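Source file: query-v3.csv. Holds: CSV, C-alpha atoms (C1' of nucleotides).
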chain,number,residue,atom,x,y,z
P,202,MET,CA,-12.3,-14.8,-31.8
P,203,VAL,CA,-13.0,-14.3,-28.1
P,204,GLU,CA,-11.0,-16.6,-25.8
P,205,PRO,CA,-13.1,-18.1,-23.0
P,206,ASP,CA,-10.5,-17.7,-20.3
P,207,ALA,CA,-9.4,-14.2,-21.3
P,208,ALA,CA,-11.4,-12.8,-18.3
P,209,GLU,CA,-9.6,-15.0,-15.8
P,210,GLU,CA,-6.3,-14.2,-17.4
P,211,ALA,CA,-7.0,-10.5,-17.2
P,212,VAL,CA,-8.0,-10.7,-13.5
P,213,ARG,CA,-4.8,-12.6,-12.7
P,214,SER,CA,-2.7,-10.2,-14.6
P,215,LEU,CA,-4.3,-7.2,-12.9
P,216,ARG,CA,-3.7,-8.9,-9.5
P,217,ALA,CA,0.0,-9.3,-10.4
P,218,LEU,CA,0.2,-5.7,-11.6
P,219,ILE,CA,-1.3,-4.4,-8.5
P,220,LEU,CA,1.1,-6.4,-6.4
P,221,ALA,CA,4.0,-5.2,-8.5
P,222,GLY,CA,2.8,-1.6,-8.1
P,223,GLU,CA,2.6,-2.0,-4.3
P,224,ARG,CA,6.1,-3.4,-4.2
P,225,TYR,CA,7.3,-0.6,-6.5
P,226,ARG,CA,5.8,1.9,-4.0
P,227,GLN,CA,7.7,0.4,-1.1
P,228,VAL,CA,11.0,0.2,-2.8
P,229,LEU,CA,10.7,3.6,-4.3
P,230,SER,CA,9.8,5.1,-0.9
P,231,ASP,CA,12.9,3.5,0.7
P,232,TYR,CA,15.0,4.7,-2.1
P,233,VAL,CA,14.1,8.3,-1.9
P,234,GLY,CA,13.8,8.3,1.9
P,235,LEU,CA,10.0,8.9,2.2
P,236,TRP,CA,7.2,6.8,3.7
P,237,VAL,CA,4.7,5.0,1.5
P,238,THR,CA,1.9,7.4,2.2
P,239,GLU,CA,4.2,10.3,1.3
P,240,THR,CA,5.1,9.0,-2.2
P,241,GLN,CA,1.5,8.1,-2.7
P,242,ALA,CA,0.7,11.8,-2.1
P,243,VAL,CA,3.4,12.9,-4.5
P,244,SER,CA,2.0,10.5,-7.2
P,245,TYR,CA,-1.5,11.6,-6.5
P,246,LEU,CA,-0.6,15.3,-6.9
P,247,THR,CA,1.3,14.5,-10.1
P,248,VAL,CA,-1.7,12.7,-11.7
P,249,HIS,CA,-4.5,15.0,-10.4
P,250,GLY,CA,-2.9,18.3,-9.8
P,251,ASP,CA,-3.1,20.5,-6.8
P,252,ARG,CA,-5.7,19.5,-4.2
P,253,GLY,CA,-7.2,20.4,-0.9
P,254,GLN,CA,-6.2,18.4,2.1
P,255,ASN,CA,-9.5,16.8,2.5
P,256,GLU,CA,-9.6,15.7,-1.1
P,257,LEU,CA,-6.2,14.3,-0.6
P,258,ALA,CA,-7.3,12.5,2.5
P,259,THR,CA,-10.5,11.1,0.9
P,260,ASP,CA,-8.8,9.8,-2.2
P,261,LEU,CA,-5.9,8.3,-0.4
P,262,GLY,CA,-8.1,6.7,2.2
P,263,LEU,CA,-6.9,8.8,5.2
P,264,SER,CA,-8.7,10.6,8.0
P,265,SER,CA,-8.4,14.4,8.1
P,266,GLY,CA,-6.1,14.1,11.1
P,267,ALA,CA,-3.8,11.8,9.3
P,268,SER,CA,-3.9,14.2,6.3
P,269,THR,CA,-2.7,17.0,8.5
P,270,ALA,CA,0.2,15.0,9.8
P,271,LEU,CA,1.0,13.9,6.2
P,272,VAL,CA,1.2,17.4,4.8
P,273,ASP,CA,3.1,18.5,7.9
P,274,ARG,CA,5.8,15.9,7.0
P,275,LEU,CA,5.8,16.8,3.3
P,276,GLU,CA,6.4,20.4,4.2
P,277,ARG,CA,9.1,19.7,6.7
P,278,GLN,CA,10.9,17.7,4.0
P,279,GLY,CA,10.4,20.3,1.4
P,280,ILE,CA,8.4,17.9,-0.9
P,281,ALA,CA,5.2,19.8,-1.0
P,282,GLU,CA,3.7,23.0,0.4
P,283,ARG,CA,0.4,24.4,1.6
P,284,TYR,CA,-1.1,27.5,0.0
P,285,PRO,CA,-4.4,29.2,0.7
P,286,HIS,CA,-7.4,28.7,-1.5
P,287,PRO,CA,-8.1,31.9,-3.5
P,288,SER,CA,-11.7,32.3,-2.3
P,289,ASP,CA,-12.5,29.9,0.5
P,290,ARG,CA,-10.5,30.8,3.5
P,291,ARG,CA,-11.3,27.5,5.2
P,292,ARG,CA,-9.4,25.5,2.6
P,293,THR,CA,-5.8,24.8,2.2
P,294,LEU,CA,-4.4,23.6,-1.1
P,295,VAL,CA,-1.3,21.4,-1.5
P,296,ARG,CA,1.2,21.5,-4.4
P,297,LEU,CA,4.5,19.9,-5.1
P,298,THR,CA,7.8,21.8,-4.8
P,299,ASP,CA,10.8,21.4,-7.1
P,300,ARG,CA,12.1,18.8,-4.7
P,301,GLY,CA,8.9,17.0,-5.0
P,302,ARG,CA,9.1,17.1,-8.8
P,303,ALA,CA,12.6,15.6,-8.5
P,304,VAL,CA,11.0,12.5,-6.9
P,305,VAL,CA,8.5,12.4,-9.7
P,306,ARG,CA,11.3,12.4,-12.3
P,307,GLU,CA,13.1,9.6,-10.5
P,308,SER,CA,10.0,7.5,-10.4
P,309,ARG,CA,9.3,8.2,-14.0
P,310,MET,CA,12.3,6.1,-15.0
P,311,TRP,CA,11.2,3.2,-12.9
P,312,LEU,CA,7.8,3.2,-14.4
P,313,LEU,CA,9.1,3.5,-17.9
P,314,ALA,CA,11.1,0.4,-17.3
P,315,GLY,CA,7.8,-1.4,-17.0
P,316,PHE,CA,7.1,-0.8,-20.7
P,317,GLN,CA,10.5,-1.8,-22.1
P,318,ASP,CA,9.1,-4.9,-23.7
P,319,VAL,CA,6.1,-3.3,-25.2
P,320,ASP,CA,6.2,-2.6,-28.9
P,321,PRO,CA,6.5,1.2,-29.4
P,322,SER,CA,3.5,1.2,-31.8
P,323,GLU,CA,1.4,-0.4,-29.1
P,324,LEU,CA,2.3,2.0,-26.4
P,325,GLY,CA,-0.3,4.6,-27.2
P,326,PRO,CA,-3.2,2.1,-27.3
P,327,LEU,CA,-2.0,0.4,-24.2
P,328,ALA,CA,-1.7,3.6,-22.3
P,329,ARG,CA,-5.3,4.4,-23.1
P,330,GLN,CA,-6.5,1.0,-22.0
P,331,LEU,CA,-4.6,1.3,-18.8
P,332,ASN,CA,-6.3,4.6,-18.2
P,333,VAL,CA,-9.7,3.1,-18.7
P,334,VAL,CA,-9.0,0.2,-16.4
P,335,ALA,CA,-7.7,2.6,-13.7
P,336,ASP,CA,-10.8,4.7,-14.0
P,337,ARG,CA,-13.2,1.8,-13.7
P,338,LEU,CA,-11.3,0.3,-10.8
P,339,ALA,CA,-11.2,3.6,-9.0
P,340,GLU,CA,-14.9,4.1,-9.6
P,341,ARG,CA,-15.7,0.7,-8.2
P,342,SER,CA,-13.6,1.3,-5.2
P,343,ALA,CA,-15.3,4.6,-4.5
P,344,GLU,CA,-18.7,3.0,-4.8
P,345,MET,CA,-17.7,0.2,-2.4
P,346,ALA,CA,-16.1,2.6,0.1
P,347,GLU,CA,-19.5,4.4,0.3
P,348,ARG,CA,-21.1,1.2,1.6
P,349,GLY,CA,-18.8,1.3,4.5
P,350,PRO,CA,-16.7,-1.5,6.1
P,351,GLY,CA,-17.9,-4.9,7.1
P,352,ALA,CA,-20.5,-5.2,4.5
P,353,PHE,CA,-19.0,-8.6,3.5
P,354,HIS,CA,-19.5,-11.7,5.6
P,355,LEU,CA,-17.6,-14.8,4.8
P,356,GLU,CA,-19.8,-17.9,4.5
H,123,MET,CA,2.9,5.5,-36.6
H,124,VAL,CA,4.6,6.0,-33.3
H,125,GLU,CA,3.3,8.8,-31.2
H,126,PRO,CA,6.0,10.9,-29.6
H,127,ASP,CA,4.2,11.4,-26.3
H,128,ALA,CA,3.0,7.8,-26.0
H,129,ALA,CA,5.7,7.1,-23.4
H,130,GLU,CA,4.6,10.0,-21.2
H,131,GLU,CA,1.0,8.9,-21.6
H,132,ALA,CA,1.9,5.4,-20.6
H,133,VAL,CA,3.8,6.5,-17.5
H,134,ARG,CA,0.9,8.7,-16.4
H,135,SER,CA,-1.6,5.9,-17.0
H,136,LEU,CA,0.6,3.5,-15.0
H,137,ARG,CA,0.8,5.9,-12.2
H,138,ALA,CA,-3.0,6.2,-12.2
H,139,LEU,CA,-3.4,2.5,-12.3
H,140,ILE,CA,-1.0,1.9,-9.4
H,141,LEU,CA,-2.9,4.5,-7.3
H,142,ALA,CA,-6.2,2.9,-8.2
H,143,GLY,CA,-4.8,-0.4,-7.2
H,144,GLU,CA,-3.6,0.9,-3.8
H,145,ARG,CA,-7.1,2.4,-3.2
H,146,TYR,CA,-8.7,-0.9,-4.3
H,147,ARG,CA,-6.6,-2.6,-1.7
H,148,GLN,CA,-7.6,-0.4,1.1
H,149,VAL,CA,-11.3,-0.5,0.3
H,150,LEU,CA,-11.3,-4.2,-0.2
H,151,SER,CA,-9.5,-4.7,3.1
H,152,ASP,CA,-12.0,-2.7,5.0
H,153,TYR,CA,-14.8,-4.5,3.2
H,154,VAL,CA,-13.7,-8.0,4.1
H,155,GLY,CA,-12.4,-7.0,7.5
H,156,LEU,CA,-8.7,-7.6,7.0
H,157,TRP,CA,-5.7,-5.3,7.1
H,158,VAL,CA,-4.0,-4.2,3.9
H,159,THR,CA,-1.0,-6.5,4.5
H,160,GLU,CA,-3.3,-9.4,5.0
H,161,THR,CA,-5.1,-9.0,1.7
H,162,GLN,CA,-1.8,-8.5,0.0
H,163,ALA,CA,-0.7,-11.9,1.3
H,164,VAL,CA,-3.9,-13.4,0.1
H,165,SER,CA,-3.4,-11.9,-3.3
H,166,TYR,CA,0.2,-13.0,-3.4
H,167,LEU,CA,-0.6,-16.6,-2.5
H,168,THR,CA,-3.3,-16.6,-5.2
H,169,VAL,CA,-0.9,-15.4,-7.9
H,170,HIS,CA,2.2,-17.3,-6.9
H,171,GLY,CA,0.9,-20.3,-5.0
H,172,ASP,CA,2.0,-21.7,-1.7
H,173,ARG,CA,5.2,-20.1,-0.3
H,174,GLY,CA,7.5,-20.2,2.7
H,175,GLN,CA,7.2,-17.4,5.3
H,176,ASN,CA,10.5,-15.9,4.4
H,177,GLU,CA,9.6,-15.7,0.7
H,178,LEU,CA,6.4,-14.1,1.6
H,179,ALA,CA,8.2,-11.6,3.8
H,180,THR,CA,10.8,-10.8,1.1
H,181,ASP,CA,8.3,-10.3,-1.7
H,182,LEU,CA,5.9,-8.3,0.4
H,183,GLY,CA,8.7,-6.2,1.8
H,184,LEU,CA,8.4,-7.3,5.4
H,185,SER,CA,10.8,-8.4,8.0
H,186,SER,CA,10.8,-12.0,9.2
H,187,GLY,CA,9.3,-10.8,12.5
H,188,ALA,CA,6.5,-9.0,10.7
H,189,SER,CA,5.9,-12.1,8.6
H,190,THR,CA,5.5,-14.3,11.7
H,191,ALA,CA,2.9,-11.8,13.1
H,192,LEU,CA,1.1,-11.7,9.7
H,193,VAL,CA,0.8,-15.4,9.4
H,194,ASP,CA,-0.3,-15.6,13.0
H,195,ARG,CA,-3.1,-13.2,12.2
H,196,LEU,CA,-4.1,-15.0,9.0
H,197,GLU,CA,-4.3,-18.3,10.9
H,198,ARG,CA,-6.3,-16.8,13.8
H,199,GLN,CA,-8.8,-15.6,11.3
H,200,GLY,CA,-8.9,-18.8,9.3
H,201,ILE,CA,-7.7,-17.2,6.1
H,202,ALA,CA,-4.5,-19.2,5.6
H,203,GLU,CA,-2.6,-21.9,7.4
H,204,ARG,CA,0.9,-23.1,8.0
H,205,TYR,CA,2.1,-26.5,7.0
H,206,PRO,CA,5.5,-28.1,7.2
H,207,HIS,CA,7.9,-28.3,4.3
H,208,PRO,CA,8.1,-31.9,3.1
H,209,SER,CA,11.9,-32.2,3.4
H,210,ASP,CA,13.3,-29.1,5.2
H,211,ARG,CA,12.1,-29.1,8.8
H,212,ARG,CA,13.2,-25.5,9.3
H,213,ARG,CA,10.7,-24.2,6.8
H,214,THR,CA,7.0,-23.5,7.1
H,215,LEU,CA,4.9,-23.2,4.1
H,216,VAL,CA,1.7,-21.1,3.9
H,217,ARG,CA,-1.5,-21.8,2.0
H,218,LEU,CA,-5.0,-20.3,1.7
H,219,THR,CA,-8.0,-22.0,3.3
H,220,ASP,CA,-11.5,-22.1,1.9
H,221,ARG,CA,-12.2,-18.9,3.8
H,222,GLY,CA,-9.2,-17.3,2.2
H,223,ARG,CA,-10.4,-18.4,-1.3
H,224,ALA,CA,-13.8,-16.8,-0.5
H,225,VAL,CA,-11.9,-13.5,-0.2
H,226,VAL,CA,-10.3,-14.2,-3.5
H,227,ARG,CA,-13.7,-14.8,-5.2
H,228,GLU,CA,-15.0,-11.5,-3.8
H,229,SER,CA,-12.0,-9.5,-5.0
H,230,ARG,CA,-12.3,-11.2,-8.4
H,231,MET,CA,-15.6,-9.4,-9.1
H,232,TRP,CA,-14.0,-6.0,-8.2
H,233,LEU,CA,-11.1,-6.6,-10.5
H,234,LEU,CA,-13.4,-7.8,-13.3
H,235,ALA,CA,-15.2,-4.5,-13.1
H,236,GLY,CA,-12.0,-2.8,-14.1
H,237,PHE,CA,-12.3,-4.4,-17.6
H,238,GLN,CA,-16.0,-3.7,-18.2
H,239,ASP,CA,-15.2,-1.1,-20.9
H,240,VAL,CA,-12.6,-3.2,-22.7
H,241,ASP,CA,-13.7,-4.9,-25.9
H,242,PRO,CA,-13.9,-8.6,-25.3
H,243,SER,CA,-11.7,-9.3,-28.3
H,244,GLU,CA,-9.0,-7.2,-26.8
H,245,LEU,CA,-9.1,-8.8,-23.4
H,246,GLY,CA,-6.6,-11.6,-24.1
H,247,PRO,CA,-4.0,-9.4,-25.7
H,248,LEU,CA,-4.4,-6.8,-22.9
H,249,ALA,CA,-4.0,-9.4,-20.2
H,250,ARG,CA,-0.7,-10.5,-21.7
H,251,GLN,CA,0.5,-7.0,-21.9
H,252,LEU,CA,-0.4,-6.3,-18.3
H,253,ASN,CA,1.5,-9.4,-17.3
H,254,VAL,CA,4.6,-8.2,-19.1
H,255,VAL,CA,4.4,-4.8,-17.5
H,256,ALA,CA,3.9,-6.4,-14.1
H,257,ASP,CA,6.9,-8.6,-14.6
H,258,ARG,CA,9.2,-5.8,-15.7
H,259,LEU,CA,8.1,-3.5,-12.9
H,260,ALA,CA,8.6,-6.3,-10.3
H,261,GLU,CA,12.0,-7.0,-11.8
H,262,ARG,CA,13.1,-3.4,-11.6
H,263,SER,CA,11.8,-3.1,-8.0
H,264,ALA,CA,13.8,-6.2,-7.0
H,265,GLU,CA,16.9,-4.7,-8.6
H,266,MET,CA,16.5,-1.4,-6.8
H,267,ALA,CA,15.7,-3.1,-3.5
H,268,GLU,CA,19.1,-4.8,-3.8
H,269,ARG,CA,20.9,-1.5,-3.8
H,270,GLY,CA,19.4,-0.7,-0.4
H,271,PRO,CA,17.7,2.5,0.9
H,272,GLY,CA,19.0,6.0,0.6
H,273,ALA,CA,20.9,5.5,-2.7
H,274,PHE,CA,19.0,8.5,-4.1
H,275,HIS,CA,19.9,12.0,-3.1
H,276,LEU,CA,17.7,14.9,-4.1
H,277,GLU,CA,19.6,17.7,-5.9
W,257,DT,C1',-25.8,24.3,10.4
W,258,DA,C1',-22.1,22.2,7.5
W,259,DT,C1',-17.4,22.0,6.1
W,260,DT,C1',-12.1,22.5,6.4
W,261,DG,C1',-8.5,21.6,9.1
W,262,DT,C1',-5.9,21.0,13.8
W,263,DT,C1',-4.9,18.7,18.2
W,264,DA,C1',-4.6,14.8,21.7
W,265,DT,C1',-5.0,10.0,22.9
W,266,DA,C1',-5.0,5.2,22.1
W,267,DC,C1',-4.1,1.5,19.1
W,268,DT,C1',-1.7,-1.6,15.7
W,269,DC,C1',1.5,-2.8,12.6
W,270,DT,C1',6.5,-3.0,11.7
W,271,DA,C1',11.7,-2.9,12.2
W,272,DT,C1',15.4,-4.3,15.0
W,273,DA,C1',17.9,-7.5,17.4
W,274,DA,C1',18.7,-11.5,20.2
W,275,DC,C1',17.6,-16.4,20.3
W,276,DT,C1',16.3,-21.4,19.0
W,277,DA,C1',16.2,-25.1,15.8
W,278,DT,C1',17.6,-27.2,11.6
W,279,DA,C1',20.7,-27.9,7.5
O,26,DT,C1',28.5,-21.5,9.5
O,27,DA,C1',24.1,-20.2,7.2
O,28,DT,C1',19.2,-20.3,7.0
O,29,DA,C1',14.0,-20.4,8.8
O,30,DG,C1',11.3,-18.7,12.0
O,31,DT,C1',10.0,-16.8,16.9
O,32,DT,C1',10.0,-13.5,20.6
O,33,DA,C1',10.4,-8.9,22.9
O,34,DT,C1',11.1,-4.0,22.7
O,35,DA,C1',10.7,0.4,20.7
O,36,DG,C1',9.0,3.4,17.2
O,37,DA,C1',5.8,5.5,13.6
O,38,DG,C1',1.6,6.3,11.3
O,39,DT,C1',-3.4,6.2,11.7
O,40,DA,C1',-8.2,6.4,13.5
O,41,DT,C1',-11.2,8.5,16.6
O,42,DA,C1',-13.2,12.3,18.7
O,43,DA,C1',-13.4,16.9,20.4
O,44,DC,C1',-12.4,21.6,18.9
O,45,DA,C1',-11.6,26.1,16.2
O,46,DA,C1',-12.5,28.8,12.2
O,47,DT,C1',-15.0,29.9,8.1
O,48,DA,C1',-19.0,29.5,4.9

Could you rewrite the structure in this file as structure tokens?
Amino acid sequence: MVEPDAAEEAVRSLRALILAGERYRQVLSDYVGLWVTETQAVSYLTVHGDRGQNELATDLGLSSGASTALVDRLERQGIAERYPHPSDRRRTLVRLTDRGRAVVRESRMWLLAGFQDVDPSELGPLARQLNVVADRLAERSAEMAERGPGAFHLE
Amino acid sequence: MVEPDAAEEAVRSLRALILAGERYRQVLSDYVGLWVTETQAVSYLTVHGDRGQNELATDLGLSSGASTALVDRLERQGIAERYPHPSDRRRTLVRLTDRGRAVVRESRMWLLAGFQDVDPSELGPLARQLNVVADRLAERSAEMAERGPGAFHLE
DNA sequence: TATTGTTATACTCTATAACTATA
DNA sequence: TATAGTTATAGAGTATAACAATA
């Protein structure tokens, strides 16, 4: 049986989860002594692996100048480091250091706490559903970013 | 059967979803012509209903001064408005306007797109699981925020 | 000619702290 | 005495645009 209001409930839950994620980001950042953008970069590199600075900038919604400043800060704090692209000498890749991975381990425990009330047998299926939702949402955001700002007019 | 790596998969998926949510926030904000903190406030008021400025500040991770500036901007743009607390004359409550609710309707479609690959019969159960995860994560963040910044030392 | 990344300037949001009003 | 909110100052990250190096 399909519940008629399931869609509204799902939208509301996703709103709540996004807000909770944003708050988690702030508190985690304070806790480990980094800025929000810096832990976002750490999280991004954890999920997607090593990336070039421009890719990092695009996917995090930053300008290339801001990306330079971001990676500068990460290097200064020993969280991540630049290394040259093997074949394209224009490009600079970014990877986490041991210190960066320590932040990841710390955040892992916080995130795990989010699942404490989920039945272990449901964890696998839930994880896959979360992944699908994340992919669709990221896809939609990328599409809308293409259209540029100000495409929406109230009233 | 319980999969041994389900927990790791879940953590990774949640990381991806949080990142996707943060990107959604940026792109939506650009799209409707608001700042990130402003659409966070709109989302917060949608999920939790009318709130006092200080509650808004605390739950969004802002200082009281930043909260004043935030609500000033929301009022100037006609997104939300202040109104007096019925009994406590110190307090100021904040609510969305019609214009603010138009932003909510717009964002609703984006979020719905996140569920397009979910089987309709699974939408209700998924919604409830998302809610549980959001609550636990918010709870953990509130606890950690209590301890204050810098409690974590790398190495 | 296009792309990756750096630099310099201006801008905006936010934290801090002092202050007013109310409980 | 404690709480809700405002104001003023200083500080930090980011966008923009111009620039250098490589493809």

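The two atoms in question, atom CA of P:Val304 and atom CA of H:Gly183, are spaced 20.8 Å apart.
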
Result of fitting chain H to chain P over every paired C-alpha, as a short mmCIF file (atom, residue, chain, number, x, y, z; two decimals) with C-alpha atoms, in the frame of the given file:
data_model
loop_
_atom_site.label_atom_id
_atom_site.label_comp_id
_atom_site.auth_asym_id
_atom_site.auth_seq_id
_atom_site.Cartn_x
_atom_site.Cartn_y
_atom_site.Cartn_z
CA MET H 123 -12.16 -14.86 -31.76
CA VAL H 124 -12.92 -14.40 -28.12
CA GLU H 125 -11.01 -16.59 -25.77
CA PRO H 126 -13.12 -18.10 -23.02
CA ASP H 127 -10.50 -17.77 -20.30
CA ALA H 128 -9.39 -14.26 -21.29
CA ALA H 129 -11.34 -12.80 -18.35
CA GLU H 130 -9.60 -15.05 -15.83
CA GLU H 131 -6.27 -14.23 -17.44
CA ALA H 132 -7.00 -10.56 -17.20
CA VAL H 133 -7.98 -10.73 -13.53
CA ARG H 134 -4.82 -12.66 -12.69
CA SER H 135 -2.67 -10.21 -14.64
CA LEU H 136 -4.35 -7.29 -12.85
CA ARG H 137 -3.72 -8.86 -9.56
CA ALA H 138 -0.05 -9.28 -10.48
CA LEU H 139 0.18 -5.76 -11.66
CA ILE H 140 -1.40 -4.32 -8.49
CA LEU H 141 1.08 -6.34 -6.36
CA ALA H 142 3.97 -5.15 -8.48
CA GLY H 143 2.76 -1.66 -8.06
CA GLU H 144 2.54 -1.97 -4.24
CA ARG H 145 6.13 -3.38 -4.21
CA TYR H 146 7.26 -0.55 -6.52
CA ARG H 147 5.86 1.85 -4.01
CA GLN H 148 7.64 0.44 -1.09
CA VAL H 149 10.99 0.19 -2.83
CA LEU H 150 10.73 3.62 -4.28
CA SER H 151 9.84 5.04 -0.87
CA ASP H 152 12.82 3.53 0.76
CA TYR H 153 14.98 4.69 -2.12
CA VAL H 154 14.03 8.34 -1.92
CA GLY H 155 13.71 8.32 1.84
CA LEU H 156 9.99 8.90 2.19
CA TRP H 157 7.20 6.82 3.68
CA VAL H 158 4.76 4.97 1.45
CA THR H 159 1.94 7.45 2.18
CA GLU H 160 4.19 10.30 1.27
CA THR H 161 5.07 8.97 -2.16
CA GLN H 162 1.46 8.16 -2.73
CA ALA H 163 0.62 11.82 -2.14
CA VAL H 164 3.34 12.83 -4.49
CA SER H 165 2.02 10.50 -7.12
CA TYR H 166 -1.52 11.67 -6.55
CA LEU H 167 -0.65 15.35 -6.88
CA THR H 168 1.25 14.53 -10.10
CA VAL H 169 -1.73 12.75 -11.65
CA HIS H 170 -4.53 14.95 -10.42
CA GLY H 171 -2.88 18.30 -9.79
CA ASP H 172 -3.13 20.56 -6.81
CA ARG H 173 -5.79 19.51 -4.25
CA GLY H 174 -7.22 20.48 -0.88
CA GLN H 175 -6.15 18.46 2.19
CA ASN H 176 -9.51 16.89 2.62
CA GLU H 177 -9.61 15.69 -1.00
CA LEU H 178 -6.23 14.27 -0.58
CA ALA H 179 -7.30 12.51 2.60
CA THR H 180 -10.48 11.12 0.99
CA ASP H 181 -8.79 9.80 -2.14
CA LEU H 182 -5.85 8.35 -0.29
CA GLY H 183 -8.11 6.79 2.30
CA LEU H 184 -6.91 8.80 5.27
CA SER H 185 -8.58 10.63 8.02
CA SER H 186 -8.40 14.42 8.18
CA GLY H 187 -6.04 14.08 11.17
CA ALA H 188 -3.75 11.77 9.24
CA SER H 189 -3.84 14.18 6.31
CA THR H 190 -2.72 17.11 8.50
CA ALA H 191 0.25 14.98 9.78
CA LEU H 192 1.09 13.91 6.18
CA VAL H 193 1.17 17.39 4.84
CA ASP H 194 3.17 18.50 7.84
CA ARG H 195 5.75 15.87 7.00
CA LEU H 196 5.80 16.72 3.29
CA GLU H 197 6.38 20.40 4.13
CA ARG H 198 9.12 19.65 6.69
CA GLN H 199 10.92 17.74 4.03
CA GLY H 200 10.37 20.29 1.31
CA ILE H 201 8.44 17.95 -0.93
CA ALA H 202 5.15 19.86 -1.08
CA GLU H 203 3.69 23.00 0.38
CA ARG H 204 0.43 24.44 1.53
CA TYR H 205 -1.12 27.50 0.02
CA PRO H 206 -4.40 29.21 0.68
CA HIS H 207 -7.48 28.72 -1.44
CA PRO H 208 -8.12 31.88 -3.45
CA SER H 209 -11.72 32.39 -2.26
CA ASP H 210 -12.48 29.93 0.60
CA ARG H 211 -10.38 30.84 3.63
CA ARG H 212 -11.18 27.54 5.33
CA ARG H 213 -9.38 25.53 2.70
CA THR H 214 -5.71 24.81 2.19
CA LEU H 215 -4.46 23.65 -1.06
CA VAL H 216 -1.35 21.46 -1.53
CA ARG H 217 1.21 21.52 -4.32
CA LEU H 218 4.56 19.87 -5.12
CA THR H 219 7.81 21.82 -4.87
CA ASP H 220 10.82 21.42 -7.12
CA ARG H 221 12.11 18.82 -4.69
CA GLY H 222 8.85 16.96 -4.96
CA ARG H 223 9.05 17.05 -8.82
CA ALA H 224 12.60 15.60 -8.54
CA VAL H 225 10.97 12.56 -6.89
CA VAL H 226 8.53 12.42 -9.72
CA ARG H 227 11.34 12.43 -12.35
CA GLU H 228 13.08 9.57 -10.52
CA SER H 229 9.95 7.44 -10.32
CA ARG H 230 9.28 8.16 -14.00
CA MET H 231 12.35 6.12 -15.04
CA TRP H 232 11.17 3.14 -12.88
CA LEU H 233 7.74 3.22 -14.42
CA LEU H 234 9.18 3.55 -17.93
CA ALA H 235 11.09 0.36 -17.35
CA GLY H 236 7.81 -1.43 -16.99
CA PHE H 237 7.12 -0.83 -20.74
CA GLN H 238 10.55 -1.79 -22.08
CA ASP H 239 9.17 -4.98 -23.69
CA VAL H 240 6.11 -3.34 -25.23
CA ASP H 241 6.27 -2.59 -28.94
CA PRO H 242 6.49 1.12 -29.41
CA SER H 243 3.55 1.08 -31.80
CA GLU H 244 1.42 -0.45 -29.15
CA LEU H 245 2.35 1.99 -26.44
CA GLY H 246 -0.35 4.59 -27.18
CA PRO H 247 -3.19 2.14 -27.40
CA LEU H 248 -1.98 0.36 -24.22
CA ALA H 249 -1.75 3.60 -22.29
CA ARG H 250 -5.37 4.38 -23.11
CA GLN H 251 -6.45 1.00 -22.05
CA LEU H 252 -4.61 1.24 -18.76
CA ASN H 253 -6.29 4.56 -18.16
CA VAL H 254 -9.71 3.04 -18.70
CA VAL H 255 -8.97 0.18 -16.37
CA ALA H 256 -7.66 2.60 -13.77
CA ASP H 257 -10.76 4.70 -14.02
CA ARG H 258 -13.17 1.79 -13.70
CA LEU H 259 -11.29 0.28 -10.78
CA ALA H 260 -11.19 3.68 -8.98
CA GLU H 261 -14.89 4.08 -9.66
CA ARG H 262 -15.76 0.70 -8.24
CA SER H 263 -13.55 1.32 -5.16
CA ALA H 264 -15.33 4.64 -4.53
CA GLU H 265 -18.69 2.89 -4.80
CA MET H 266 -17.71 0.17 -2.36
CA ALA H 267 -16.13 2.65 0.04
CA GLU H 268 -19.55 4.33 0.21
CA ARG H 269 -21.17 1.22 1.55
CA GLY H 270 -18.80 1.29 4.52
CA PRO H 271 -16.70 -1.51 6.13
CA GLY H 272 -17.91 -4.91 7.12
CA ALA H 273 -20.62 -5.24 4.43
CA PHE H 274 -19.05 -8.57 3.42
CA HIS H 275 -19.53 -11.64 5.51
CA LEU H 276 -17.56 -14.78 4.77
CA GLU H 277 -19.77 -17.89 4.34
#

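Here atom C1' of W:DT260 and atom CA of P:Pro287 stand 14.2 Å from one another.
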
Give me, as a Markdown table, the closest atom pair and its distance (Å, one decimal) for every residue of chain W within a cut-off of 10 Å of chain P, counting all atoms listed in the file, rows sorted by chain and rising number.
| residue | atom | partner | partner_atom | distance |
| --- | --- | --- | --- | --- |
| W:DT259 | C1' | P:Arg291 | CA | 8.3 |
| W:DT260 | C1' | P:Arg291 | CA | 5.2 |
| W:DG261 | C1' | P:Ser265 | CA | 7.3 |
| W:DT262 | C1' | P:Thr269 | CA | 7.4 |
| W:DT263 | C1' | P:Gly266 | CA | 8.5 |

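Near O:DG38, within 10 Å and counting only C-alpha atoms (C1' of nucleotides), sit Trp236, Thr238, Ala267, Ala270 and Leu271 of chain P; DT268 and DC269 of chain W, not including residues fewer than 5 positions from it in the same chain.
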
request  = Compile the contact shell of H:Ala202 as a VMD selection string: residues with an atom at most 12 Å away, counting all atoms listed in the file, same-chain residues fewer than 3 positions apart removed.
outcome  = chain H and resid 160 to 161 163 to 168 171 to 173 175 192 to 199 205 215 to 226

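Distances here use only C-alpha atoms (C1' of nucleotides); by that measure, the residue among O:DT32, O:DT26, O:DT47, O:DT41 closest to chain P is O:DT47.
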
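With all atoms listed in the file as the atoms that count, the minimum distance from O:DG30 to the choices H:Leu141, H:Ala179, H:Leu245, H:Val158 is reached by H:Ala179.
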
Could you list, with a cut-off of 12 Å and counting all atoms listed in the file, the residues of chain O near chain P, each shown with its nearest atom pair and the distance in Å rounded to one decimal, rows sorted by chain and ascending number, as CSV?
residue,atom,partner,partner_atom,distance
O:DA37,C1',P:Trp236,CA,10.1
O:DG38,C1',P:Ala267,CA,8.0
O:DT39,C1',P:Ala267,CA,6.1
O:DA40,C1',P:Ser264,CA,6.9
O:DT41,C1',P:Ser264,CA,9.2
O:DA42,C1',P:Gly266,CA,10.6
O:DA45,C1',P:Arg291,CA,11.1
O:DA46,C1',P:Arg291,CA,7.2
O:DT47,C1',P:Arg291,CA,5.3
O:DA48,C1',P:Asp289,CA,7.9
